[in-house]
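Okay, upload-v2.cif is below, mmCIF, C-alpha atoms; chains and numbers go by the auth columns:
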data_coords
#
loop_
_atom_site.group_PDB
_atom_site.id
_atom_site.type_symbol
_atom_site.label_atom_id
_atom_site.label_comp_id
_atom_site.label_asym_id
_atom_site.label_seq_id
_atom_site.Cartn_x
_atom_site.Cartn_y
_atom_site.Cartn_z
_atom_site.B_iso_or_equiv
_atom_site.auth_seq_id
_atom_site.auth_asym_id
ATOM 1 C CA MET A 1 25.183 -128.660 -17.012 0.00 19 J
ATOM 2 C CA THR A 2 26.290 -125.027 -17.093 0.00 20 J
ATOM 3 C CA GLU A 3 28.827 -124.032 -14.437 0.00 21 J
ATOM 4 C CA THR A 4 30.539 -120.681 -13.953 0.00 22 J
ATOM 5 C CA SER A 5 33.785 -119.469 -12.415 0.00 23 J
ATOM 6 C CA PRO A 6 35.350 -116.028 -11.929 0.00 24 J
ATOM 7 C CA VAL A 7 38.046 -114.745 -14.341 0.00 25 J
ATOM 8 C CA PHE A 8 39.383 -111.290 -15.258 0.00 26 J
ATOM 9 C CA LEU A 9 39.680 -109.375 -18.503 0.00 27 J
ATOM 10 C CA LEU A 10 41.751 -106.253 -19.092 0.00 28 J
ATOM 11 C CA ASP A 11 39.626 -103.185 -19.838 0.00 29 J
ATOM 12 C CA ARG A 12 41.767 -101.531 -22.495 0.00 30 J
ATOM 13 C CA ALA A 13 40.317 -98.051 -21.880 0.00 31 J
ATOM 14 C CA THR A 14 41.003 -97.923 -18.145 0.00 32 J
ATOM 15 C CA ARG A 15 43.934 -100.431 -18.127 0.00 33 J
ATOM 16 C CA LYS A 16 42.219 -102.071 -15.131 0.00 34 J
ATOM 17 C CA LEU A 17 41.093 -105.662 -14.663 0.00 35 J
ATOM 18 C CA ARG A 18 37.379 -106.275 -14.858 0.00 36 J
ATOM 19 C CA ASP A 19 35.487 -109.110 -13.192 0.00 37 J
ATOM 20 C CA ALA A 20 34.275 -111.609 -15.751 0.00 38 J
ATOM 21 C CA ILE A 21 32.438 -114.942 -15.617 0.00 39 J
ATOM 22 C CA PHE A 22 33.755 -118.044 -17.345 0.00 40 J
ATOM 23 C CA VAL A 23 30.852 -120.216 -18.485 0.00 41 J
ATOM 24 C CA ASP A 24 31.255 -123.979 -18.924 0.00 42 J
ATOM 25 C CA ASP A 25 28.835 -125.543 -21.408 0.00 43 J
ATOM 26 C CA VAL A 26 27.098 -122.448 -22.743 0.00 44 J
ATOM 27 C CA PRO A 27 23.408 -123.331 -23.332 0.00 45 J
ATOM 28 C CA PRO A 28 21.955 -123.112 -26.873 0.00 46 J
ATOM 29 C CA GLU A 29 19.629 -120.190 -26.113 0.00 47 J
ATOM 30 C CA LEU A 30 22.646 -118.130 -25.010 0.00 48 J
ATOM 31 C CA VAL A 31 24.624 -119.140 -28.116 0.00 49 J
ATOM 32 C CA SER A 32 21.685 -117.942 -30.197 0.00 50 J
ATOM 33 C CA GLN A 33 21.610 -114.587 -28.371 0.00 51 J
ATOM 34 C CA VAL A 34 25.360 -114.201 -28.948 0.00 52 J
ATOM 35 C CA GLN A 35 24.990 -114.859 -32.656 0.00 53 J
ATOM 36 C CA SER A 36 22.306 -112.140 -32.892 0.00 54 J
ATOM 37 C CA ALA A 37 24.374 -109.685 -30.847 0.00 55 J
ATOM 38 C CA TRP A 38 27.650 -110.270 -32.707 0.00 56 J
ATOM 39 C CA SER A 39 26.644 -110.613 -36.344 0.00 57 J
ATOM 40 C CA PRO A 40 25.720 -106.924 -37.041 0.00 58 J
ATOM 41 C CA HIS A 41 29.207 -105.876 -35.890 0.00 59 J
ATOM 42 C CA PHE A 42 30.880 -108.060 -38.527 0.00 60 J
ATOM 43 C CA ALA A 43 29.080 -106.332 -41.419 0.00 61 J
ATOM 44 C CA GLY A 44 31.690 -104.879 -43.774 0.00 62 J
ATOM 45 C CA SER A 45 34.600 -106.076 -41.623 0.00 63 J
ATOM 46 C CA THR A 46 37.594 -107.989 -42.941 0.00 64 J
ATOM 47 C CA ALA A 47 37.533 -110.457 -40.018 0.00 65 J
ATOM 48 C CA GLU A 48 38.076 -113.948 -41.416 0.00 66 J
ATOM 49 C CA HIS A 49 35.635 -115.465 -38.930 0.00 67 J
ATOM 50 C CA GLY A 50 32.911 -112.862 -39.553 0.00 68 J
ATOM 51 C CA HIS A 51 30.791 -115.434 -41.392 0.00 69 J
ATOM 52 C CA TRP A 52 30.818 -117.966 -38.545 0.00 70 J
ATOM 53 C CA ASP A 53 27.333 -119.011 -37.504 0.00 71 J
ATOM 54 C CA TRP A 54 27.483 -120.167 -33.896 0.00 72 J
ATOM 55 C CA ASN A 55 23.948 -121.582 -34.060 0.00 73 J
ATOM 56 C CA LYS A 56 25.155 -123.888 -36.830 0.00 74 J
ATOM 57 C CA LYS A 57 28.320 -124.756 -34.941 0.00 75 J
ATOM 58 C CA TYR A 58 26.251 -125.612 -31.862 0.00 76 J
ATOM 59 C CA GLU A 59 24.672 -128.453 -33.845 0.00 77 J
ATOM 60 C CA LEU A 60 27.894 -130.376 -33.168 0.00 78 J
ATOM 61 C CA VAL A 61 27.160 -130.202 -29.429 0.00 79 J
ATOM 62 C CA GLU A 62 23.603 -131.381 -29.968 0.00 80 J
ATOM 63 C CA GLN A 63 24.867 -134.222 -32.142 0.00 81 J
ATOM 64 C CA ALA A 64 27.544 -135.512 -29.739 0.00 82 J
ATOM 65 C CA PRO A 65 27.348 -133.736 -26.360 0.00 83 J
ATOM 66 C CA LEU A 66 30.027 -135.953 -24.786 0.00 84 J
ATOM 67 C CA VAL A 67 32.510 -134.867 -27.458 0.00 85 J
ATOM 68 C CA TYR A 68 31.834 -131.190 -28.116 0.00 86 J
ATOM 69 C CA ARG A 69 31.659 -128.411 -25.531 0.00 87 J
ATOM 70 C CA VAL A 70 31.153 -124.654 -25.760 0.00 88 J
ATOM 71 C CA PHE A 71 32.728 -122.210 -23.312 0.00 89 J
ATOM 72 C CA GLY A 72 32.130 -118.487 -22.964 0.00 90 J
ATOM 73 C CA ILE A 73 33.290 -115.399 -21.057 0.00 91 J
ATOM 74 C CA VAL A 74 30.724 -112.847 -19.877 0.00 92 J
ATOM 75 C CA VAL A 75 31.171 -109.252 -18.688 0.00 93 J
ATOM 76 C CA ASP A 76 28.184 -107.019 -17.946 0.00 94 J
ATOM 77 C CA GLU A 77 25.842 -109.714 -19.273 0.00 95 J
ATOM 78 C CA GLU A 78 27.560 -109.536 -22.686 0.00 96 J
ATOM 79 C CA MET A 79 29.419 -112.493 -24.177 0.00 97 J
ATOM 80 C CA GLN A 80 33.035 -111.468 -24.759 0.00 98 J
ATOM 81 C CA GLY A 81 34.125 -114.652 -26.512 0.00 99 J
ATOM 82 C CA LEU A 82 33.138 -118.208 -27.381 0.00 100 J
ATOM 83 C CA MET A 83 35.165 -121.390 -27.822 0.00 101 J
ATOM 84 C CA LEU A 84 34.007 -124.778 -29.102 0.00 102 J
ATOM 85 C CA VAL A 85 36.272 -127.764 -28.397 0.00 103 J
ATOM 86 C CA SER A 86 36.207 -131.494 -29.060 0.00 104 J
ATOM 87 C CA THR A 87 37.472 -134.020 -26.536 0.00 105 J
ATOM 88 C CA ALA A 88 37.594 -137.131 -28.682 0.00 106 J
ATOM 89 C CA GLY A 89 38.676 -138.291 -32.096 0.00 107 J
ATOM 90 C CA LYS A 90 41.745 -136.080 -32.537 0.00 108 J
ATOM 91 C CA ASN A 91 45.339 -137.190 -32.014 0.00 109 J
ATOM 92 C CA CYS A 92 48.621 -135.284 -31.828 0.00 110 J
ATOM 93 C CA ARG A 93 50.787 -134.883 -34.945 0.00 111 J
ATOM 94 C CA GLU A 94 53.905 -133.317 -33.430 0.00 112 J
ATOM 95 C CA THR A 95 56.670 -135.959 -33.483 0.00 113 J
ATOM 96 C CA SER A 96 57.308 -136.068 -29.718 0.00 114 J
ATOM 97 C CA GLN A 97 53.628 -136.751 -28.944 0.00 115 J
ATOM 98 C CA ASN A 98 52.387 -138.294 -32.180 0.00 116 J
ATOM 99 C CA GLY A 99 49.212 -140.380 -31.753 0.00 117 J
ATOM 100 C CA LYS A 100 48.429 -139.165 -28.215 0.00 118 J
ATOM 101 C CA PRO A 101 44.946 -137.724 -27.617 0.00 119 J
ATOM 102 C CA LEU A 102 44.431 -133.977 -27.331 0.00 120 J
ATOM 103 C CA VAL A 103 41.745 -131.389 -26.837 0.00 121 J
ATOM 104 C CA TYR A 104 41.093 -129.859 -30.251 0.00 122 J
ATOM 105 C CA ILE A 105 39.905 -126.258 -30.454 0.00 123 J
ATOM 106 C CA GLU A 106 37.360 -126.293 -33.242 0.00 124 J
ATOM 107 C CA TYR A 107 36.472 -122.596 -33.033 0.00 125 J
ATOM 108 C CA LEU A 108 37.635 -119.712 -30.868 0.00 126 J
ATOM 109 C CA ALA A 109 36.437 -116.127 -31.285 0.00 127 J
ATOM 110 C CA THR A 110 36.471 -112.953 -29.290 0.00 128 J
ATOM 111 C CA ALA A 111 33.470 -110.629 -29.498 0.00 129 J
ATOM 112 C CA PRO A 112 33.731 -108.256 -32.465 0.00 130 J
ATOM 113 C CA TRP A 113 34.059 -105.201 -30.191 0.00 131 J
ATOM 114 C CA ASN A 114 37.223 -106.771 -28.705 0.00 132 J
ATOM 115 C CA SER A 115 38.931 -107.313 -32.041 0.00 133 J
ATOM 116 C CA ALA A 116 41.424 -104.815 -33.452 0.00 134 J
ATOM 117 C CA ASP A 117 40.537 -106.116 -36.921 0.00 135 J
ATOM 118 C CA ILE A 118 37.010 -104.795 -36.493 0.00 136 J
ATOM 119 C CA VAL A 119 37.033 -101.774 -34.149 0.00 137 J
ATOM 120 C CA ALA A 120 39.592 -99.001 -33.664 0.00 138 J
ATOM 121 C CA GLU A 121 39.454 -99.230 -29.881 0.00 139 J
ATOM 122 C CA PRO A 122 38.859 -102.794 -28.670 0.00 140 J
ATOM 123 C CA ARG A 123 37.178 -103.035 -25.257 0.00 141 J
ATOM 124 C CA PHE A 124 38.711 -106.041 -23.537 0.00 142 J
ATOM 125 C CA SER A 125 41.856 -108.098 -23.993 0.00 143 J
ATOM 126 C CA GLY A 126 42.708 -111.480 -22.512 0.00 144 J
ATOM 127 C CA VAL A 127 39.813 -113.489 -23.953 0.00 145 J
ATOM 128 C CA GLY A 128 41.996 -115.719 -26.137 0.00 146 J
ATOM 129 C CA LYS A 129 44.493 -116.471 -23.380 0.00 147 J
ATOM 130 C CA ILE A 130 41.729 -117.453 -20.937 0.00 148 J
ATOM 131 C CA PHE A 131 40.302 -119.846 -23.526 0.00 149 J
ATOM 132 C CA ILE A 132 43.701 -121.416 -24.282 0.00 150 J
ATOM 133 C CA ARG A 133 44.282 -121.871 -20.556 0.00 151 J
ATOM 134 C CA ALA A 134 40.815 -123.435 -20.199 0.00 152 J
ATOM 135 C CA ALA A 135 41.510 -125.834 -23.076 0.00 153 J
ATOM 136 C CA ILE A 136 44.792 -126.871 -21.425 0.00 154 J
ATOM 137 C CA GLU A 137 43.044 -127.396 -18.085 0.00 155 J
ATOM 138 C CA LEU A 138 40.353 -129.476 -19.783 0.00 156 J
ATOM 139 C CA SER A 139 43.072 -131.514 -21.466 0.00 157 J
ATOM 140 C CA LEU A 140 44.722 -132.138 -18.083 0.00 158 J
ATOM 141 C CA GLU A 141 41.352 -133.121 -16.614 0.00 159 J
ATOM 142 C CA GLU A 142 40.858 -135.607 -19.481 0.00 160 J
ATOM 143 C CA GLU A 143 44.346 -137.086 -18.796 0.00 161 J
ATOM 144 C CA PHE A 144 45.646 -135.715 -22.132 0.00 162 J
ATOM 145 C CA GLY A 145 48.602 -134.066 -20.406 0.00 163 J
ATOM 146 C CA GLY A 146 47.454 -130.570 -21.355 0.00 164 J
ATOM 147 C CA ARG A 147 47.983 -131.263 -25.052 0.00 165 J
ATOM 148 C CA ILE A 148 45.866 -129.074 -27.361 0.00 166 J
ATOM 149 C CA GLY A 149 45.698 -128.532 -31.111 0.00 167 J
ATOM 150 C CA LEU A 150 43.918 -126.289 -33.606 0.00 168 J
ATOM 151 C CA HIS A 151 43.828 -125.013 -37.157 0.00 169 J
ATOM 152 C CA SER A 152 44.340 -121.259 -37.289 0.00 170 J
ATOM 153 C CA LEU A 153 42.866 -118.685 -39.620 0.00 171 J
ATOM 154 C CA PRO A 154 45.703 -116.686 -41.254 0.00 172 J
ATOM 155 C CA GLN A 155 44.911 -113.555 -39.199 0.00 173 J
ATOM 156 C CA ALA A 156 45.507 -115.461 -35.947 0.00 174 J
ATOM 157 C CA GLU A 157 48.630 -117.468 -36.872 0.00 175 J
ATOM 158 C CA THR A 158 51.084 -114.989 -35.331 0.00 176 J
ATOM 159 C CA TRP A 159 49.112 -114.930 -32.094 0.00 177 J
ATOM 160 C CA TYR A 160 49.139 -118.736 -31.688 0.00 178 J
ATOM 161 C CA ARG A 161 52.801 -118.958 -32.684 0.00 179 J
ATOM 162 C CA ASP A 162 54.305 -115.979 -30.860 0.00 180 J
ATOM 163 C CA VAL A 163 51.947 -115.219 -27.988 0.00 181 J
ATOM 164 C CA CYS A 164 50.854 -118.757 -27.102 0.00 182 J
ATOM 165 C CA GLY A 165 54.171 -120.334 -28.123 0.00 183 J
ATOM 166 C CA MET A 166 52.525 -123.190 -30.049 0.00 184 J
ATOM 167 C CA THR A 167 54.330 -125.252 -32.674 0.00 185 J
ATOM 168 C CA ASP A 168 53.286 -124.418 -36.237 0.00 186 J
ATOM 169 C CA LEU A 169 53.166 -127.731 -38.117 0.00 187 J
ATOM 170 C CA GLY A 170 52.515 -125.956 -41.415 0.00 188 J
ATOM 171 C CA ALA A 171 49.666 -125.720 -43.880 0.00 189 J
ATOM 172 C CA ASP A 172 47.240 -128.649 -43.745 0.00 190 J
ATOM 173 C CA THR A 173 46.172 -129.463 -47.295 0.00 191 J
ATOM 174 C CA LYS A 174 43.275 -131.512 -45.917 0.00 192 J
ATOM 175 C CA TYR A 175 41.922 -128.529 -43.977 0.00 193 J
ATOM 176 C CA GLN A 176 41.599 -125.655 -46.450 0.00 194 J
ATOM 177 C CA GLY A 177 45.347 -125.086 -46.260 0.00 195 J
ATOM 178 C CA LEU A 178 45.053 -123.640 -42.747 0.00 196 J
ATOM 179 C CA HIS A 179 48.123 -123.946 -40.548 0.00 197 J
ATOM 180 C CA TYR A 180 47.896 -126.601 -37.852 0.00 198 J
ATOM 181 C CA PHE A 181 49.224 -125.731 -34.381 0.00 199 J
ATOM 182 C CA GLU A 182 49.940 -127.919 -31.398 0.00 200 J
ATOM 183 C CA MET A 183 51.196 -127.414 -27.862 0.00 201 J
ATOM 184 C CA THR A 184 53.758 -129.742 -26.280 0.00 202 J
ATOM 185 C CA PRO A 185 54.175 -130.225 -22.490 0.00 203 J
ATOM 186 C CA GLN A 186 57.127 -127.807 -22.437 0.00 204 J
ATOM 187 C CA GLN A 187 55.113 -125.155 -24.267 0.00 205 J
ATOM 188 C CA ILE A 188 52.157 -125.773 -21.952 0.00 206 J
ATOM 189 C CA GLU A 189 54.366 -125.209 -18.913 0.00 207 J
ATOM 190 C CA ALA A 190 55.742 -121.969 -20.394 0.00 208 J
ATOM 191 C CA PHE A 191 52.252 -120.731 -21.314 0.00 209 J
ATOM 192 C CA MET A 192 50.789 -121.529 -17.884 0.00 210 J
ATOM 193 C CA ARG A 193 53.704 -119.718 -16.187 0.00 211 J
ATOM 194 C CA GLY A 194 53.220 -116.610 -18.345 0.00 212 J
ATOM 195 C CA MET B 1 33.546 -131.239 -13.225 0.00 2 M
ATOM 196 C CA SER B 2 30.328 -133.270 -13.383 0.00 3 M
ATOM 197 C CA ASP B 3 29.612 -135.845 -10.686 0.00 4 M
ATOM 198 C CA ARG B 4 30.859 -139.262 -11.698 0.00 5 M
ATOM 199 C CA LYS B 5 29.431 -142.670 -11.046 0.00 6 M
ATOM 200 C CA THR B 6 31.388 -145.871 -10.608 0.00 7 M
ATOM 201 C CA MET B 7 30.685 -149.116 -12.443 0.00 8 M
ATOM 202 C CA THR B 8 32.265 -152.539 -12.623 0.00 9 M
ATOM 203 C CA LEU B 9 33.319 -153.726 -16.063 0.00 10 M
ATOM 204 C CA ASN B 10 33.704 -157.441 -16.706 0.00 11 M
ATOM 205 C CA LEU B 11 36.237 -158.194 -19.446 0.00 12 M
ATOM 206 C CA THR B 12 37.850 -161.331 -20.790 0.00 13 M
ATOM 207 C CA ASP B 13 41.637 -161.676 -20.583 0.00 14 M
ATOM 208 C CA ALA B 14 41.921 -160.760 -24.259 0.00 15 M
ATOM 209 C CA GLU B 15 39.761 -157.678 -23.807 0.00 16 M
ATOM 210 C CA MET B 16 41.682 -156.596 -20.730 0.00 17 M
ATOM 211 C CA ASN B 17 44.977 -157.090 -22.583 0.00 18 M
ATOM 212 C CA ALA B 18 43.691 -154.986 -25.452 0.00 19 M
ATOM 213 C CA LEU B 19 42.520 -152.295 -23.037 0.00 20 M
ATOM 214 C CA GLU B 20 45.878 -152.217 -21.261 0.00 21 M
ATOM 215 C CA GLU B 21 47.773 -152.079 -24.556 0.00 22 M
ATOM 216 C CA LEU B 22 45.661 -149.125 -25.739 0.00 23 M
ATOM 217 C CA CYS B 23 46.159 -147.400 -22.374 0.00 24 M
ATOM 218 C CA ARG B 24 49.946 -147.722 -22.806 0.00 25 M
ATOM 219 C CA LYS B 25 49.797 -146.491 -26.385 0.00 26 M
ATOM 220 C CA LYS B 26 47.574 -143.515 -25.630 0.00 27 M
ATOM 221 C CA ASP B 27 49.077 -142.778 -22.210 0.00 28 M
ATOM 222 C CA LEU B 28 45.647 -142.931 -20.553 0.00 29 M
ATOM 223 C CA SER B 29 44.174 -144.669 -17.517 0.00 30 M
ATOM 224 C CA LYS B 30 41.554 -147.365 -18.133 0.00 31 M
ATOM 225 C CA THR B 31 38.805 -144.956 -17.074 0.00 32 M
ATOM 226 C CA ALA B 32 40.012 -142.217 -19.414 0.00 33 M
ATOM 227 C CA LEU B 33 40.326 -144.674 -22.273 0.00 34 M
ATOM 228 C CA MET B 34 36.813 -146.064 -21.773 0.00 35 M
ATOM 229 C CA ARG B 35 35.445 -142.506 -21.653 0.00 36 M
ATOM 230 C CA GLN B 36 37.215 -141.762 -24.952 0.00 37 M
ATOM 231 C CA ALA B 37 35.779 -144.928 -26.480 0.00 38 M
ATOM 232 C CA LEU B 38 32.261 -143.950 -25.370 0.00 39 M
ATOM 233 C CA ARG B 39 32.614 -140.454 -26.813 0.00 40 M
ATOM 234 C CA LEU B 40 33.861 -141.764 -30.133 0.00 41 M
ATOM 235 C CA TYR B 41 31.043 -144.292 -30.263 0.00 42 M
ATOM 236 C CA GLN B 42 28.513 -141.501 -29.599 0.00 43 M
ATOM 237 C CA LEU B 43 30.095 -139.292 -32.281 0.00 44 M
ATOM 238 C CA ILE B 44 30.218 -142.030 -34.920 0.00 45 M
ATOM 239 C CA ASN B 45 26.642 -143.115 -34.262 0.00 46 M
ATOM 240 C CA ALA B 46 25.410 -139.512 -34.416 0.00 47 M
ATOM 241 C CA ARG B 47 27.083 -139.032 -37.811 0.00 48 M
ATOM 242 C CA LEU B 48 25.724 -142.345 -39.099 0.00 49 M
ATOM 243 C CA ASP B 49 22.235 -141.437 -37.862 0.00 50 M
ATOM 244 C CA VAL B 50 22.183 -138.362 -40.129 0.00 51 M
ATOM 245 C CA GLY B 51 23.091 -140.471 -43.138 0.00 52 M
ATOM 246 C CA GLU B 52 26.879 -140.129 -43.226 0.00 53 M
ATOM 247 C CA LYS B 53 29.214 -143.075 -43.802 0.00 54 M
ATOM 248 C CA LEU B 54 32.444 -144.000 -42.033 0.00 55 M
ATOM 249 C CA TYR B 55 35.432 -144.935 -44.177 0.00 56 M
ATOM 250 C CA PHE B 56 39.061 -145.840 -43.699 0.00 57 M
ATOM 251 C CA GLU B 57 41.321 -144.536 -46.456 0.00 58 M
ATOM 252 C CA HIS B 58 44.797 -145.887 -47.161 0.00 59 M
ATOM 253 C CA GLU B 59 47.150 -142.913 -47.103 0.00 60 M
ATOM 254 C CA LYS B 60 49.123 -143.912 -50.201 0.00 61 M
ATOM 255 C CA SER B 61 46.813 -146.009 -52.364 0.00 62 M
ATOM 256 C CA LYS B 62 43.727 -143.930 -51.425 0.00 63 M
ATOM 257 C CA ALA B 63 41.783 -147.200 -51.307 0.00 64 M
ATOM 258 C CA LYS B 64 38.622 -146.737 -49.222 0.00 65 M
ATOM 259 C CA SER B 65 36.780 -149.275 -47.112 0.00 66 M
ATOM 260 C CA GLU B 66 33.522 -148.583 -45.341 0.00 67 M
ATOM 261 C CA VAL B 67 33.367 -149.337 -41.620 0.00 68 M
ATOM 262 C CA MET B 68 30.191 -150.938 -40.357 0.00 69 M
ATOM 263 C CA VAL B 69 29.274 -149.868 -36.846 0.00 70 M
ATOM 264 C CA LEU B 70 26.973 -151.882 -34.622 0.00 71 M
#

Could you rewrite the structure in this file as structure tokens?
Amino acid sequence: MTETSPVFLLDRATRKLRDAIFVDDVPPELVSQVQSAWSPHFAGSTAEHGHWDWNKKYELVEQAPLVYRVFGIVVDEEMQGLMLVSTAGKNCRETSQNGKPLVYIEYLATAPWNSADIVAEPRFSGVGKIFIRAAIELSLEEEFGGRIGLHSLPQAETWYRDVCGMTDLGADTKYQGLHYFEMTPQQIEAFMRG
Amino acid sequence: MSDRKTMTLNLTDAEMNALEELCRKKDLSKTALMRQALRLYQLINARLDVGEKLYFEHEKSKAKSEVMVL
């Protein structure tokens, strides 16, 4: 069932915080609207996730709704970002927490008009951090100790490593060579403090 | 968080021992572990229903064995 809660995004033009709505379990009709609204903005861009089809990705939720969940952030009735996570079937690889369950971020994207790779003057910042925080909170709720993991597209590696403070476990040859990142309890604490 | 319902689960000693061992290994409560098991069961059945197969693969020998799911 869809639930919402208040969050804030930074309006980069005014440097002021804007009220936003965090949406738990984004319904399929909204995912479809987002796909239609976002896709024209990716035309001709070099964004590595420009080809993502959220309608297709939502099939995972329809297939196993207990496992996969989609979250979103809305400002002015426009979706500013989407995240799809899985809550089962993935275990930690980092030595100190090897084999423990985690929340795995399958896909995370900000709206194209918020991405510096696509527009000269992005509208909002903070989308990614809100999603990472939400994934950590979900992981705590699931008794996974806040542990999260993901494979990053090359354009986002620096952000996960330097901004989020995640451990880069290197290129995963079984996952298109994408770098795999994980967050340990110490890193979670540092991120949540920041 | 969604509303939760409580149920009683009747297990044999061997099943309870296995549950407790997995809880220790995964650092989860019994409830969290059973929820994980249910999710995995849903996921595996959904993949099997669309015609996929479930295999275990030995990391070194690459030997594959199909897993039959009830």

Among listed residues J:Glu161, J:Asp135, J:Glu96, J:Glu80, nearest chain M (using only C-alpha atoms):
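Of J:Glu161, J:Asp135, J:Glu96, J:Glu80, the one nearest chain M is J:Glu161, counting only C-alpha atoms.
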
Could you check which of M:Leu20, M:Ala64, M:Leu44, M:Ala33 is closest to Glu159 of chain J, using all atoms listed in the file?
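For Glu159 of chain J, the nearest of the given residues is M:Ala33.
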
Go through the shown structure with the PyMOL selection byres ((chain M and resi 38-40) around 8) and write out the matching residues as an NGL selection string.
(:J and (82 or 84-85 or 106)) or (:M and (34-37 or 41-44))

Which residue is closest to chain J? Choose from M:Asp28, M:Glu67, M:Glu21, M:Glu60 and count all atoms listed in the file.
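When distances to chain J are compared using all atoms listed in the file, the smallest one comes from M:Asp28.
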
Compute the set of chain J residues within 12 Å of chain M, using all atoms listed in the file, and express it as a PyMOL selection string.
chain J and resi 19-23+42-43+77-86+104-110+115-121+155-163+165

Record the distance separating atom CA of Trp131 of chain J and atom CA of Gln98 of chain J, expressed in Å with one decimal.
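These two atoms are separated by 8.4 Å.
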
Interatomic distance between atom CA of Pro24 of chain J and atom CA of Asp37 of chain J?
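Separation between atom CA of Pro24 of chain J and atom CA of Asp37 of chain J: 7.0 Å.
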
What is the atom CA of Phe40 of chain J to atom CA of Tyr76 of chain J distance in Å?
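Computing the Euclidean distance for atom CA of Phe40 of chain J and atom CA of Tyr76 of chain J yields 18.0 Å.
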
M:Leu71, M:Lys31, M:Lys6, M:Leu55 ranked by distance to Asn18 of chain M, top pick (using all atoms listed in the file):
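Checking each candidate against Asn18 of chain M, we get M:Lys31 as the closest.
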
Pick out the closest residue to Gly188 of chain J from this set: J:Val137, J:Arg151, J:Thr128, J:Glu112. Count all atoms listed in the file.
J:Glu112

List the residues matched by the PyMOL selection byres ((chain J and resi 69) around 12) in the displayed structure as a ChimeraX atom specification, ordered by chain and then by residue number.
/J:53,56-68,70-75,127,130

Close residues, Phe142 of chain J itself excluded, 6 Å, all atoms listed in the file, min 5 positions apart in chain, as JSON, numbers by chain:
{"J": [28, 29, 30, 132]}

Those selected residues, please, written with C-alpha atoms and delivered as a compact mmCIF listing (two decimals), keeping the file's coordinate frame.
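Once written, out.txt looks like this:
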# COMPACT_ATOMS: atom_id res chain seq x y z
CA LEU J 28 41.75 -106.25 -19.09
CA ASP J 29 39.63 -103.18 -19.84
CA ARG J 30 41.77 -101.53 -22.50
CA ASN J 132 37.22 -106.77 -28.70

Carefully work through the PyMOL selection byres ((chain J and resi 93) around 10) for this structure and note down the residues it includes, as number ranges by chain.
J: 25-27, 36-40, 91-92, 94-99, 142

Using C-alpha atoms, can you export the residues from the last selection as a PDB file, in the frame of the given file?
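Saved to out07.pdb:
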ATOM      1  CA  VAL J  25      38.046-114.745 -14.341  1.00  0.00           C
ATOM      2  CA  PHE J  26      39.383-111.290 -15.258  1.00  0.00           C
ATOM      3  CA  LEU J  27      39.680-109.375 -18.503  1.00  0.00           C
ATOM      4  CA  ARG J  36      37.379-106.275 -14.858  1.00  0.00           C
ATOM      5  CA  ASP J  37      35.487-109.110 -13.192  1.00  0.00           C
ATOM      6  CA  ALA J  38      34.275-111.609 -15.751  1.00  0.00           C
ATOM      7  CA  ILE J  39      32.438-114.942 -15.617  1.00  0.00           C
ATOM      8  CA  PHE J  40      33.755-118.044 -17.345  1.00  0.00           C
ATOM      9  CA  ILE J  91      33.290-115.399 -21.057  1.00  0.00           C
ATOM     10  CA  VAL J  92      30.724-112.847 -19.877  1.00  0.00           C
ATOM     11  CA  ASP J  94      28.184-107.019 -17.946  1.00  0.00           C
ATOM     12  CA  GLU J  95      25.842-109.714 -19.273  1.00  0.00           C
ATOM     13  CA  GLU J  96      27.560-109.536 -22.686  1.00  0.00           C
ATOM     14  CA  MET J  97      29.419-112.493 -24.177  1.00  0.00           C
ATOM     15  CA  GLN J  98      33.035-111.468 -24.759  1.00  0.00           C
ATOM     16  CA  GLY J  99      34.125-114.652 -26.512  1.00  0.00           C
ATOM     17  CA  PHE J 142      38.711-106.041 -23.537  1.00  0.00           C
TER      18      PHE J 142
END
